[in-house]
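The structure file target_5.pdb is reproduced below (PDB, C-alpha atoms and all ligand atoms).
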ATOM      1  CA  MET O 209     -13.915 -25.844 -16.715
ATOM      2  CA  ALA O 210     -16.788 -27.789 -18.214
ATOM      3  CA  GLY O 211     -20.282 -26.560 -17.399
ATOM      4  CA  VAL O 212     -19.185 -23.486 -15.469
ATOM      5  CA  ARG O 213     -20.606 -20.136 -16.469
ATOM      6  CA  ASN O 214     -21.563 -18.163 -13.360
ATOM      7  CA  ILE O 215     -18.894 -17.686 -10.711
ATOM      8  CA  VAL O 216     -18.950 -16.044  -7.286
ATOM      9  CA  VAL O 217     -15.598 -15.493  -5.552
ATOM     10  CA  LEU O 218     -15.400 -14.624  -1.847
ATOM     11  CA  THR O 219     -12.126 -13.235  -0.527
ATOM     12  CA  GLY O 220     -10.851 -12.490   2.964
ATOM     13  CA  ALA O 221      -7.776 -11.133   4.684
ATOM     14  CA  GLY O 222      -5.638 -14.109   3.594
ATOM     15  CA  ILE O 223      -5.546 -12.877  -0.007
ATOM     16  CA  SER O 224      -3.840  -9.658   1.110
ATOM     17  CA  ALA O 225      -1.470 -11.313   3.603
ATOM     18  CA  GLU O 226       1.329 -11.718   1.061
ATOM     19  CA  SER O 227       1.040  -7.997   0.287
ATOM     20  CA  GLY O 228       1.888  -7.306   3.934
ATOM     21  CA  VAL O 229      -1.627  -6.462   5.213
ATOM     22  CA  ALA O 230      -2.227  -8.071   8.623
ATOM     23  CA  THR O 231      -5.020 -10.658   8.840
ATOM     24  CA  PHE O 232      -7.639 -10.230  11.582
ATOM     25  CA  ARG O 233      -7.183 -13.391  13.546
ATOM     26  CA  GLY O 234      -3.456 -13.672  13.996
ATOM     27  CA  PRO O 235      -1.895 -16.223  16.360
ATOM     28  CA  ASP O 236      -2.246 -13.701  19.225
ATOM     29  CA  GLY O 237      -5.948 -13.134  18.429
ATOM     30  CA  LEU O 238      -5.302  -9.410  18.015
ATOM     31  CA  TRP O 239      -5.742  -7.148  15.008
ATOM     32  CA  GLU O 240      -2.662  -4.916  14.820
ATOM     33  CA  GLY O 241      -2.418  -5.017  18.611
ATOM     34  CA  HIS O 242      -6.114  -4.373  19.331
ATOM     35  CA  ARG O 243      -9.017  -6.566  20.322
ATOM     36  CA  VAL O 244     -11.579  -6.488  17.488
ATOM     37  CA  GLU O 245     -14.265  -5.362  19.989
ATOM     38  CA  ASP O 246     -12.213  -2.252  20.790
ATOM     39  CA  VAL O 247     -11.958  -0.989  17.223
ATOM     40  CA  ALA O 248     -14.633  -2.674  15.108
ATOM     41  CA  THR O 249     -17.972  -2.089  16.824
ATOM     42  CA  PRO O 250     -20.325   0.920  16.915
ATOM     43  CA  GLU O 251     -20.089   0.749  20.727
ATOM     44  CA  ALA O 252     -16.295   1.146  20.585
ATOM     45  CA  PHE O 253     -16.716   4.193  18.344
ATOM     46  CA  ALA O 254     -19.265   5.748  20.716
ATOM     47  CA  ARG O 255     -16.986   5.048  23.703
ATOM     48  CA  ASN O 256     -13.668   6.160  22.239
ATOM     49  CA  PRO O 257     -14.011   7.796  18.811
ATOM     50  CA  ALA O 258     -10.429   9.130  18.879
ATOM     51  CA  LEU O 259      -8.953   5.627  19.266
ATOM     52  CA  VAL O 260     -11.139   4.175  16.518
ATOM     53  CA  GLN O 261     -10.452   7.065  14.110
ATOM     54  CA  ARG O 262      -6.724   6.805  14.762
ATOM     55  CA  PHE O 263      -6.790   3.046  14.199
ATOM     56  CA  TYR O 264      -8.471   3.348  10.784
ATOM     57  CA  ASP O 265      -6.372   6.420   9.876
ATOM     58  CA  GLU O 266      -3.296   4.215  10.341
ATOM     59  CA  ARG O 267      -4.771   1.365   8.286
ATOM     60  CA  ARG O 268      -5.739   3.853   5.517
ATOM     61  CA  ALA O 269      -2.271   5.429   5.486
ATOM     62  CA  ALA O 270      -0.692   1.946   5.334
ATOM     63  CA  LEU O 271      -2.405   1.288   1.977
ATOM     64  CA  ALA O 272       0.216   3.538   0.371
ATOM     65  CA  ARG O 273       2.899   1.070   1.468
ATOM     66  CA  VAL O 274       1.388  -2.136   0.042
ATOM     67  CA  GLU O 275       0.863  -3.468  -3.478
ATOM     68  CA  PRO O 276      -1.489  -6.056  -4.988
ATOM     69  CA  ASN O 277       0.055  -9.538  -5.148
ATOM     70  CA  ALA O 278      -0.144 -12.398  -7.640
ATOM     71  CA  ALA O 279      -3.509 -13.536  -6.256
ATOM     72  CA  HIS O 280      -5.174 -10.129  -6.741
ATOM     73  CA  ARG O 281      -3.737  -9.909 -10.245
ATOM     74  CA  ALA O 282      -4.892 -13.411 -11.136
ATOM     75  CA  LEU O 283      -8.478 -12.577 -10.092
ATOM     76  CA  ALA O 284      -8.305  -9.393 -12.165
ATOM     77  CA  ARG O 285      -7.219 -11.516 -15.143
ATOM     78  CA  LEU O 286     -10.187 -13.815 -14.539
ATOM     79  CA  ASP O 287     -12.469 -10.781 -14.337
ATOM     80  CA  ALA O 288     -11.147  -9.439 -17.654
ATOM     81  CA  ASP O 289     -11.200 -12.759 -19.536
ATOM     82  CA  TRP O 290     -14.144 -14.684 -18.100
ATOM     83  CA  PRO O 291     -17.019 -14.527 -20.607
ATOM     84  CA  GLY O 292     -19.719 -15.560 -18.131
ATOM     85  CA  GLU O 293     -21.070 -13.881 -15.022
ATOM     86  CA  LEU O 294     -18.598 -13.176 -12.237
ATOM     87  CA  LEU O 295     -18.760 -11.355  -8.925
ATOM     88  CA  ILE O 296     -15.793 -10.932  -6.597
ATOM     89  CA  VAL O 297     -17.170 -10.341  -3.108
ATOM     90  CA  THR O 298     -14.493  -9.185  -0.715
ATOM     91  CA  GLN O 299     -14.604  -8.868   3.050
ATOM     92  CA  ASN O 300     -11.434  -6.799   2.833
ATOM     93  CA  VAL O 301     -11.461  -3.068   3.371
ATOM     94  CA  ASP O 302      -8.158  -2.529   1.535
ATOM     95  CA  ASP O 303      -8.140  -1.470  -2.121
ATOM     96  CA  LEU O 304      -5.824  -4.165  -3.477
ATOM     97  CA  HIS O 305      -8.417  -5.911  -5.661
ATOM     98  CA  GLU O 306      -9.221  -2.726  -7.571
ATOM     99  CA  ARG O 307      -5.568  -1.680  -7.755
ATOM    100  CA  GLY O 308      -4.837  -5.173  -9.129
ATOM    101  CA  GLY O 309      -7.375  -4.438 -11.884
ATOM    102  CA  ALA O 310     -10.593  -6.159 -10.719
ATOM    103  CA  ARG O 311     -13.825  -4.478 -11.835
ATOM    104  CA  ARG O 312     -16.717  -6.815 -10.964
ATOM    105  CA  LEU O 313     -16.100  -6.258  -7.267
ATOM    106  CA  LEU O 314     -18.196  -5.703  -4.162
ATOM    107  CA  HIS O 315     -16.792  -4.613  -0.763
ATOM    108  CA  MET O 316     -19.290  -6.203   1.625
ATOM    109  CA  HIS O 317     -17.513  -4.852   4.760
ATOM    110  CA  GLY O 318     -16.917  -1.328   3.437
ATOM    111  CA  GLU O 319     -13.718   0.404   2.371
ATOM    112  CA  LEU O 320     -10.887   2.236   4.112
ATOM    113  CA  ARG O 321     -10.854   4.800   1.311
ATOM    114  CA  SER O 322     -14.435   5.828   1.920
ATOM    115  CA  ALA O 323     -15.923   7.992   4.682
ATOM    116  CA  TRP O 324     -19.537   8.069   5.798
ATOM    117  CA  CYS O 325     -21.146  11.285   7.018
ATOM    118  CA  LEU O 326     -23.395  10.647  10.000
ATOM    119  CA  ARG O 327     -25.017  14.041   9.429
ATOM    120  CA  CYS O 328     -26.091  13.852   5.739
ATOM    121  CA  ASN O 329     -25.540  10.105   5.107
ATOM    122  CA  ALA O 330     -23.219  10.735   2.122
ATOM    123  CA  ARG O 331     -20.426   8.296   1.402
ATOM    124  CA  VAL O 332     -17.405  10.085   0.025
ATOM    125  CA  ARG O 333     -14.029   8.995  -1.295
ATOM    126  CA  TRP O 334     -11.491   9.650   1.490
ATOM    127  CA  ASP O 335      -7.704   9.254   1.449
ATOM    128  CA  GLY O 336      -6.502  11.320   4.410
ATOM    129  CA  PRO O 337      -7.017  11.101   8.168
ATOM    130  CA  LEU O 338     -10.397  11.535   9.886
ATOM    131  CA  ARG O 339      -9.192  12.035  13.468
ATOM    132  CA  ASP O 340      -9.228  15.836  13.301
ATOM    133  CA  GLY O 341     -12.921  15.885  12.401
ATOM    134  CA  PRO O 342     -12.721  17.385   8.900
ATOM    135  CA  PRO O 343     -15.855  18.817   7.232
ATOM    136  CA  CYS O 344     -17.968  16.554   5.046
ATOM    137  CA  PRO O 345     -17.435  17.454   1.358
ATOM    138  CA  ALA O 346     -21.171  16.926   0.744
ATOM    139  CA  CYS O 347     -22.841  18.906   3.566
ATOM    140  CA  GLY O 348     -19.940  20.933   4.987
ATOM    141  CA  VAL O 349     -20.574  19.887   8.591
ATOM    142  CA  ALA O 350     -17.364  19.111  10.484
ATOM    143  CA  GLY O 351     -16.697  16.220  12.842
ATOM    144  CA  ARG O 352     -19.377  13.813  11.652
ATOM    145  CA  LEU O 353     -17.409  11.620   9.235
ATOM    146  CA  ARG O 354     -16.714   8.035  10.334
ATOM    147  CA  PRO O 355     -14.825   5.236   8.585
ATOM    148  CA  ASP O 356     -17.123   3.598   6.016
ATOM    149  CA  ILE O 357     -16.455   0.179   7.503
ATOM    150  CA  VAL O 358     -19.104  -2.380   8.424
ATOM    151  CA  TRP O 359     -18.560  -3.046  12.113
ATOM    152  CA  PHE O 360     -19.806  -5.999  14.121
ATOM    153  CA  GLY O 361     -23.538  -5.683  14.606
ATOM    154  CA  GLU O 362     -23.977  -3.660  11.382
ATOM    155  CA  MET O 363     -25.488  -4.858   8.116
ATOM    156  CA  PRO O 364     -22.967  -5.767   5.367
ATOM    157  CA  TYR O 365     -23.245  -3.939   2.072
ATOM    158  CA  GLY O 366     -24.670  -5.356  -1.143
ATOM    159  CA  MET O 367     -26.442  -8.410   0.271
ATOM    160  CA  GLU O 368     -29.127  -8.197  -2.412
ATOM    161  CA  ARG O 369     -26.563  -8.087  -5.215
ATOM    162  CA  ILE O 370     -24.692 -10.990  -3.608
ATOM    163  CA  GLU O 371     -27.881 -13.064  -3.388
ATOM    164  CA  ASP O 372     -28.708 -12.273  -7.034
ATOM    165  CA  ALA O 373     -25.254 -13.487  -8.055
ATOM    166  CA  MET O 374     -25.452 -16.609  -5.860
ATOM    167  CA  ARG O 375     -28.784 -17.864  -7.173
ATOM    168  CA  PRO O 376     -27.560 -18.855 -10.677
ATOM    169  CA  ALA O 377     -23.963 -19.573  -9.568
ATOM    170  CA  ASP O 378     -22.436 -22.852 -10.639
ATOM    171  CA  LEU O 379     -19.052 -22.281  -9.016
ATOM    172  CA  PHE O 380     -18.347 -20.685  -5.627
ATOM    173  CA  ILE O 381     -14.793 -20.186  -4.451
ATOM    174  CA  SER O 382     -13.630 -18.899  -1.094
ATOM    175  CA  ILE O 383     -10.084 -17.534  -0.786
ATOM    176  CA  GLY O 384      -8.145 -16.636   2.368
ATOM    177  CA  THR O 385     -10.941 -16.393   4.902
ATOM    178  CA  SER O 386     -11.247 -18.089   8.286
ATOM    179  CA  GLY O 387     -15.006 -18.590   7.924
ATOM    180  CA  ALA O 388     -15.560 -17.024  11.342
ATOM    181  CA  VAL O 389     -17.745 -14.045  10.405
ATOM    182  CA  TYR O 390     -21.330 -14.265   9.141
ATOM    183  CA  PRO O 391     -23.054 -13.713   6.774
ATOM    184  CA  ALA O 392     -19.927 -14.154   4.588
ATOM    185  CA  ALA O 393     -19.169 -17.508   6.214
ATOM    186  CA  GLY O 394     -22.653 -18.737   5.260
ATOM    187  CA  LEU O 395     -22.275 -18.083   1.528
ATOM    188  CA  VAL O 396     -20.869 -21.572   0.970
ATOM    189  CA  GLN O 397     -24.201 -22.984   2.230
ATOM    190  CA  THR O 398     -26.135 -20.664  -0.081
ATOM    191  CA  ALA O 399     -23.935 -21.858  -2.943
ATOM    192  CA  ARG O 400     -24.656 -25.488  -2.119
ATOM    193  CA  TRP O 401     -28.401 -24.846  -2.073
ATOM    194  CA  ALA O 402     -28.011 -23.163  -5.468
ATOM    195  CA  GLY O 403     -26.344 -26.350  -6.729
ATOM    196  CA  ALA O 404     -22.947 -24.730  -7.246
ATOM    197  CA  ARG O 405     -19.664 -26.558  -6.963
ATOM    198  CA  THR O 406     -17.668 -25.185  -4.013
ATOM    199  CA  LEU O 407     -13.908 -24.757  -3.669
ATOM    200  CA  GLU O 408     -11.836 -23.358  -0.817
ATOM    201  CA  LEU O 409      -8.298 -21.982  -1.175
ATOM    202  CA  ASN O 410      -6.725 -21.198   2.203
ATOM    203  CA  LEU O 411      -3.450 -21.494   4.062
ATOM    204  CA  GLU O 412      -4.978 -23.913   6.559
ATOM    205  CA  PRO O 413      -8.338 -25.600   7.136
ATOM    206  CA  SER O 414     -10.985 -23.001   8.050
ATOM    207  CA  ALA O 415     -14.031 -23.232  10.300
ATOM    208  CA  GLY O 416     -16.103 -24.030   7.210
ATOM    209  CA  SER O 417     -13.773 -26.356   5.278
ATOM    210  CA  TYR O 418     -16.055 -29.350   5.832
ATOM    211  CA  MET O 419     -18.782 -27.650   3.760
ATOM    212  CA  PHE O 420     -16.697 -27.395   0.566
ATOM    213  CA  ASP O 421     -16.553 -29.971  -2.236
ATOM    214  CA  GLU O 422     -12.820 -29.379  -2.525
ATOM    215  CA  CYS O 423     -10.191 -27.636  -0.368
ATOM    216  CA  ARG O 424      -6.706 -26.696  -1.495
ATOM    217  CA  MET O 425      -4.282 -25.594   1.201
ATOM    218  CA  GLY O 426      -1.424 -23.203   0.519
ATOM    219  CA  ARG O 427      -0.561 -19.584  -0.147
ATOM    220  CA  ALA O 428      -3.044 -17.542  -2.144
ATOM    221  CA  GLY O 429      -0.201 -16.104  -4.244
ATOM    222  CA  GLU O 430       0.414 -19.592  -5.631
ATOM    223  CA  LEU O 431      -2.997 -21.278  -5.474
ATOM    224  CA  VAL O 432      -5.059 -18.507  -7.066
ATOM    225  CA  PRO O 433      -2.981 -18.010 -10.258
ATOM    226  CA  ALA O 434      -2.891 -21.811 -10.759
ATOM    227  CA  TRP O 435      -6.680 -22.063 -10.312
ATOM    228  CA  VAL O 436      -7.323 -19.162 -12.725
ATOM    229  CA  ASP O 437      -5.062 -20.833 -15.315
ATOM    230  CA  GLU O 438      -7.115 -24.033 -14.943
ATOM    231  CA  LEU O 439     -10.379 -22.168 -15.339
ATOM    232  CA  LEU O 440      -9.334 -20.162 -18.384
ATOM    233  CA  ALA O 441      -7.575 -23.109 -20.099
TER     234      ALA O 441
HETATM  235  P1  LIG O 501      -9.138 -13.825   9.178
HETATM  236  O1  LIG O 501      -7.923 -13.128   9.700
HETATM  237  O2  LIG O 501     -10.165 -14.289  10.163
HETATM  238  O3  LIG O 501      -8.702 -15.102   8.338
HETATM  239  C1  LIG O 501      -7.713 -15.049   7.359
HETATM  240  C2  LIG O 501      -7.509 -16.451   6.800
HETATM  241  O4  LIG O 501      -6.525 -16.366   5.773
HETATM  242  C3  LIG O 501      -7.003 -17.476   7.815
HETATM  243  O5  LIG O 501      -7.784 -18.667   7.712
HETATM  244  C4  LIG O 501      -5.556 -17.736   7.378
HETATM  245  O6  LIG O 501      -5.158 -19.082   7.577
HETATM  246  C5  LIG O 501      -5.626 -17.434   5.895
HETATM  247  N1  LIG O 501      -4.343 -16.997   5.309
HETATM  248  C6  LIG O 501      -3.327 -16.310   5.895
HETATM  249  N2  LIG O 501      -2.344 -16.084   5.028
HETATM  250  C7  LIG O 501      -2.723 -16.632   3.834
HETATM  251  C8  LIG O 501      -2.123 -16.760   2.550
HETATM  252  N3  LIG O 501      -0.920 -16.243   2.275
HETATM  253  N4  LIG O 501      -2.810 -17.403   1.577
HETATM  254  C9  LIG O 501      -4.042 -17.939   1.839
HETATM  255  N5  LIG O 501      -4.636 -17.867   3.030
HETATM  256  C10 LIG O 501      -4.006 -17.223   4.021
HETATM  257  O7  LIG O 501      -9.783 -12.851   8.092
HETATM  258  P2  LIG O 501     -11.245 -12.867   7.418
HETATM  259  O8  LIG O 501     -11.758 -14.263   7.300
HETATM  260  O9  LIG O 501     -11.153 -12.059   6.210
HETATM  261  O10 LIG O 501     -14.740  -7.910   9.415
HETATM  262  O11 LIG O 501     -12.070 -12.106   8.507
HETATM  263  C11 LIG O 501     -13.427 -11.849   8.256
HETATM  264  C12 LIG O 501     -13.855 -10.537   8.866
HETATM  265  O12 LIG O 501     -13.509 -10.495  10.250
HETATM  266  C13 LIG O 501     -13.171  -9.321   8.312
HETATM  267  O13 LIG O 501     -13.704  -8.859   7.104
HETATM  268  C14 LIG O 501     -13.362  -8.308   9.388
HETATM  269  C15 LIG O 501     -13.014  -9.177  10.575
HETATM  270  O14 LIG O 501     -13.471  -8.790  11.766
HETATM  271  C16 LIG O 501     -15.040  -6.632   9.653
HETATM  272  O15 LIG O 501     -14.198  -5.756   9.799
HETATM  273  C17 LIG O 501     -16.505  -6.388   9.715
END
Mind turning the file's structure into structure tokens?
Ligand code: OAD
Amino acid sequence: MAGVRNIVVLTGAGISAESGVATFRGPDGLWEGHRVEDVATPEAFARNPALVQRFYDERRAALARVEPNAAHRALARLDADWPGELLIVTQNVDDLHERGGARRLLHMHGELRSAWCLRCNARVRWDGPLRDGPPCPACGVAGRLRPDIVWFGEMPYGMERIEDAMRPADLFISIGTSGAVYPAAGLVQTARWAGARTLELNLEPSAGSYMFDECRMGRAGELVPAWVDELLA
């Protein structure tokens, strides 16, 4: 695409939907049967740690049953072949981007396969359950590991790196996100201030569609490979 060198991609739950990972805001407003406030806030964890640990243990275990789809693979191809700057910022806590092959990737809302020790502050790779209060591999203290997920009211990861990538960006693309959660939902504004062209790929119009230069509606598994082909042509 003429004049494009620096790209920032933002992804949300919609990119993993075709892999069989539930989105957050389904038609019933529930996330896998739970209200978001009951499983995705520090208050919920303080109130009922067993419920929250079990919820994320189930999500973590479910990763073994899903595979990256055509959209994840297309972004990985872009990552491998794009000669300019690129950052894929994902709100997703699954590991499908990296399993699809993406490298220039930032998990702004944390990762299911990471645990955070509230005793020594270490973040450690974690694949098993946390509900039985296992010891931290870094400090050895048991029962203080929590899911390394950014909950509502907590600061997303990597904001400085995201801002550094946004400043010189000349193309910003948002894929499969409802635009309901800030600061991710505000990145399209930042992109506009930076003078970037903005494109949205989503199943349906999002809360922020009106802010994009162009919106394409459809399934990520079809729209993303087609867009990557266009860009690399
Ligand atoms: P949402 O569930 O809010 O939105 C998913 C979007 O993807 C919706 O707009 C759907 O229409 C769209 N969608 C569904 N299937 C799709 C498909 N096959 N192809 C393309 N689009 C599709 O998820 P997010 O916007 O990612 O935060 O939610 C943002 C944050 O809210 C999450 O990261 C999470 C949540 O609470 C934390 O956990 C901190």
request  = Check which residues fall inside 6 Å of ligand LIG 501 (chain O) when counting all atoms listed in the file, and print them as a list in words.
outcome  =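 Written in the requested form, the residues are Gly220, Ala221, Gly222, Ile223, Ala225, Glu226, Thr231, Phe232, Arg233, Gln299, Asn300, His317, Val358, Trp359, Phe360, Gly384, Thr385, Ser386, Gly387, Val389, Asn410, Leu411, Glu412, Ser414, Arg427 and Ala428 of chain O.
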Save the residues we just selected, C-alpha atoms, as an mmCIF file, in the coordinates of the input?
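result28.cif, written as the output of this step:
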data_model
loop_
_atom_site.group_PDB
_atom_site.id
_atom_site.type_symbol
_atom_site.label_atom_id
_atom_site.label_comp_id
_atom_site.auth_asym_id
_atom_site.auth_seq_id
_atom_site.Cartn_x
_atom_site.Cartn_y
_atom_site.Cartn_z
ATOM 1 C CA GLY O 220 -10.851 -12.490 2.964
ATOM 2 C CA ALA O 221 -7.776 -11.133 4.684
ATOM 3 C CA GLY O 222 -5.638 -14.109 3.594
ATOM 4 C CA ILE O 223 -5.546 -12.877 -0.007
ATOM 5 C CA ALA O 225 -1.470 -11.313 3.603
ATOM 6 C CA GLU O 226 1.329 -11.718 1.061
ATOM 7 C CA THR O 231 -5.020 -10.658 8.840
ATOM 8 C CA PHE O 232 -7.639 -10.230 11.582
ATOM 9 C CA ARG O 233 -7.183 -13.391 13.546
ATOM 10 C CA GLN O 299 -14.604 -8.868 3.050
ATOM 11 C CA ASN O 300 -11.434 -6.799 2.833
ATOM 12 C CA HIS O 317 -17.513 -4.852 4.760
ATOM 13 C CA VAL O 358 -19.104 -2.380 8.424
ATOM 14 C CA TRP O 359 -18.560 -3.046 12.113
ATOM 15 C CA PHE O 360 -19.806 -5.999 14.121
ATOM 16 C CA GLY O 384 -8.145 -16.636 2.368
ATOM 17 C CA THR O 385 -10.941 -16.393 4.902
ATOM 18 C CA SER O 386 -11.247 -18.089 8.286
ATOM 19 C CA GLY O 387 -15.006 -18.590 7.924
ATOM 20 C CA VAL O 389 -17.745 -14.045 10.405
ATOM 21 C CA ASN O 410 -6.725 -21.198 2.203
ATOM 22 C CA LEU O 411 -3.450 -21.494 4.062
ATOM 23 C CA GLU O 412 -4.978 -23.913 6.559
ATOM 24 C CA SER O 414 -10.985 -23.001 8.050
ATOM 25 C CA ARG O 427 -0.561 -19.584 -0.147
ATOM 26 C CA ALA O 428 -3.044 -17.542 -2.144
#
request  = May I have the residues at most 6 Å from (-17.2, -13.5, -11.3) in the file's coordinates, counting all atoms listed in the file, as number ranges by chain?
outcome  = O: 215-216, 293-296
query = Got a sec to resolve the PyMOL selection byres (((chain O and resi 379) around 6) and not hetatm) on this structure and send the residues as number ranges by chain?
reply = O: 215, 377-378, 380, 404-406
Same residues, C-alpha atoms, saved as a PDB file, keeping the file's coordinate frame:
ATOM      1  CA  ILE O 215     -18.894 -17.686 -10.711  1.00  0.00           C
ATOM      2  CA  ALA O 377     -23.963 -19.573  -9.568  1.00  0.00           C
ATOM      3  CA  ASP O 378     -22.436 -22.852 -10.639  1.00  0.00           C
ATOM      4  CA  PHE O 380     -18.347 -20.685  -5.627  1.00  0.00           C
ATOM      5  CA  ALA O 404     -22.947 -24.730  -7.246  1.00  0.00           C
ATOM      6  CA  ARG O 405     -19.664 -26.558  -6.963  1.00  0.00           C
ATOM      7  CA  THR O 406     -17.668 -25.185  -4.013  1.00  0.00           C
TER       8      THR O 406
END
For a cut-off of 9 Å around (-16.7, -7.8, 0.3), file coordinates, pick out all residues using only C-alpha atoms and list them as a PDB file with C-alpha atoms, in the frame of the given file.
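Output saved as result-v1.pdb:
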ATOM      1  CA  LEU O 218     -15.400 -14.624  -1.847  1.00  0.00           C
ATOM      2  CA  THR O 219     -12.126 -13.235  -0.527  1.00  0.00           C
ATOM      3  CA  GLY O 220     -10.851 -12.490   2.964  1.00  0.00           C
ATOM      4  CA  ILE O 296     -15.793 -10.932  -6.597  1.00  0.00           C
ATOM      5  CA  VAL O 297     -17.170 -10.341  -3.108  1.00  0.00           C
ATOM      6  CA  THR O 298     -14.493  -9.185  -0.715  1.00  0.00           C
ATOM      7  CA  GLN O 299     -14.604  -8.868   3.050  1.00  0.00           C
ATOM      8  CA  ASN O 300     -11.434  -6.799   2.833  1.00  0.00           C
ATOM      9  CA  VAL O 301     -11.461  -3.068   3.371  1.00  0.00           C
ATOM     10  CA  LEU O 313     -16.100  -6.258  -7.267  1.00  0.00           C
ATOM     11  CA  LEU O 314     -18.196  -5.703  -4.162  1.00  0.00           C
ATOM     12  CA  HIS O 315     -16.792  -4.613  -0.763  1.00  0.00           C
ATOM     13  CA  MET O 316     -19.290  -6.203   1.625  1.00  0.00           C
ATOM     14  CA  HIS O 317     -17.513  -4.852   4.760  1.00  0.00           C
ATOM     15  CA  GLY O 318     -16.917  -1.328   3.437  1.00  0.00           C
ATOM     16  CA  GLU O 319     -13.718   0.404   2.371  1.00  0.00           C
ATOM     17  CA  PRO O 364     -22.967  -5.767   5.367  1.00  0.00           C
ATOM     18  CA  TYR O 365     -23.245  -3.939   2.072  1.00  0.00           C
ATOM     19  CA  GLY O 366     -24.670  -5.356  -1.143  1.00  0.00           C
ATOM     20  CA  ALA O 392     -19.927 -14.154   4.588  1.00  0.00           C
TER      21      ALA O 392
END
request  = Find the residue from O:Leu338, O:Val332, O:Cys423, O:Ala399 that sits nearest to O:Pro257; use only C-alpha atoms when measuring.
outcome  =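 Distance minimum relative to O:Pro257 lands on O:Leu338.
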note = Restricting to all atoms listed in the file, whichever of O:Arg327, O:Glu408, O:Asp372, O:Asp356 is closest to O:Cys344 is O:Arg327
query = Hey, which of O:Cys347, O:Ala269, O:Ile383, O:Met363 ends up closest to O:Asp335? Count all atoms listed in the file.
reply =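 Under the stated criterion, the closest residue is O:Ala269.
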Using only C-alpha atoms, which protein or nucleic acid residues come within 8 Å of O:Asp302? Drop anything in the same chain fewer than 6 positions from it, and give the result as a PDB file with C-alpha atoms, keeping the file's coordinate frame.
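Dumped to around.pdb:
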ATOM      1  CA  ARG O 268      -5.739   3.853   5.517  1.00  0.00           C
ATOM      2  CA  LEU O 271      -2.405   1.288   1.977  1.00  0.00           C
ATOM      3  CA  GLU O 319     -13.718   0.404   2.371  1.00  0.00           C
ATOM      4  CA  LEU O 320     -10.887   2.236   4.112  1.00  0.00           C
ATOM      5  CA  ARG O 321     -10.854   4.800   1.311  1.00  0.00           C
TER       6      ARG O 321
END
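Excluding stretch 272-274 of chain O itself and same-chain residues fewer than 4 positions from it, the residues having an atom within 8 Å of it are Ser227, Gly228, Val229 and Arg268 of chain O, counting only C-alpha atoms.
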For the residues in that selection, give me C-alpha atoms as a compact mmCIF listing (two decimals), in the frame of the given file.
# COMPACT_ATOMS: atom_id res chain seq x y z
CA SER O 227 1.04 -8.00 0.29
CA GLY O 228 1.89 -7.31 3.93
CA VAL O 229 -1.63 -6.46 5.21
CA ARG O 268 -5.74 3.85 5.52
inquiry  = Since I can't run it myself right now, could you work out what the PyMOL selection byres (((chain O and resi 351) around 6) and not hetatm) selects here and report it as a PyMOL selection string?
reply    = chain O and resi 341-342+350+352-353
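Evaluated against this file, the PyMOL selection byres (((chain O and resi 430) around 12) and not hetatm) yields Ile223, Glu226, Asn277, Ala278, Ala279, His280, Arg281, Ala282, Ile383, Leu409, Asn410, Leu411, Arg424, Met425, Gly426, Arg427, Ala428, Gly429, Leu431, Val432, Pro433, Ala434, Trp435, Val436 and Asp437 of chain O.
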inquiry  = I need the residue nearest O:Asp340 from this list: O:Arg369, O:Arg262, O:Arg243, O:Arg285. Use only C-alpha atoms for the distance.
reply    =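 Counting only C-alpha atoms, the residue closest to O:Asp340 is O:Arg262.
Picture a line from atom CA of O:Arg267 to atom CA of O:Gly416; it runs 27.8 Å.
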task = Considering only C-alpha atoms, return as a PyMOL selection string whatever protein or nucleic-acid residues lie within 10 Å of O:Pro345, sequence-local ones (same chain, fewer than 6 positions apart) excluded.
result = chain O and resi 325+330-334+353
note = Using all atoms listed in the file, the best pick from O:Gln397, O:Ile381, O:Phe253, O:Ala230 as closest to O:Leu283 would be O:Ile381
ask   = Which one of O:Leu286, O:Val247, O:Leu395, O:Ala441 sits closest to O:Met419 if you count all atoms listed in the file?
value =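 Counting all atoms listed in the file, the residue closest to O:Met419 is O:Leu395.
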Would you fill the gaps in stretch 397-403 of chain O so it has N, CA and C atoms, then print it as a CSV table (one decimal), in the coordinates of the input?
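As a result, out-v4.csv now contains:
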chain,number,residue,atom,x,y,z
O,397,GLN,N,-22.9,-22.3,2.1
O,397,GLN,CA,-24.2,-23.0,2.2
O,397,GLN,C,-25.2,-22.5,1.2
O,398,THR,N,-25.2,-21.2,1.0
O,398,THR,CA,-26.1,-20.7,-0.1
O,398,THR,C,-25.7,-21.2,-1.4
O,399,ALA,N,-24.4,-21.3,-1.7
O,399,ALA,CA,-23.9,-21.9,-2.9
O,399,ALA,C,-24.4,-23.3,-3.1
O,400,ARG,N,-24.3,-24.1,-2.0
O,400,ARG,CA,-24.7,-25.5,-2.1
O,400,ARG,C,-26.1,-25.6,-2.4
O,401,TRP,N,-27.0,-24.8,-1.8
O,401,TRP,CA,-28.4,-24.8,-2.1
O,401,TRP,C,-28.7,-24.5,-3.5
O,402,ALA,N,-27.8,-23.6,-4.1
O,402,ALA,CA,-28.0,-23.2,-5.5
O,402,ALA,C,-27.5,-24.2,-6.4
O,403,GLY,N,-26.9,-25.3,-5.9
O,403,GLY,CA,-26.3,-26.4,-6.7
O,403,GLY,C,-25.0,-26.1,-7.3
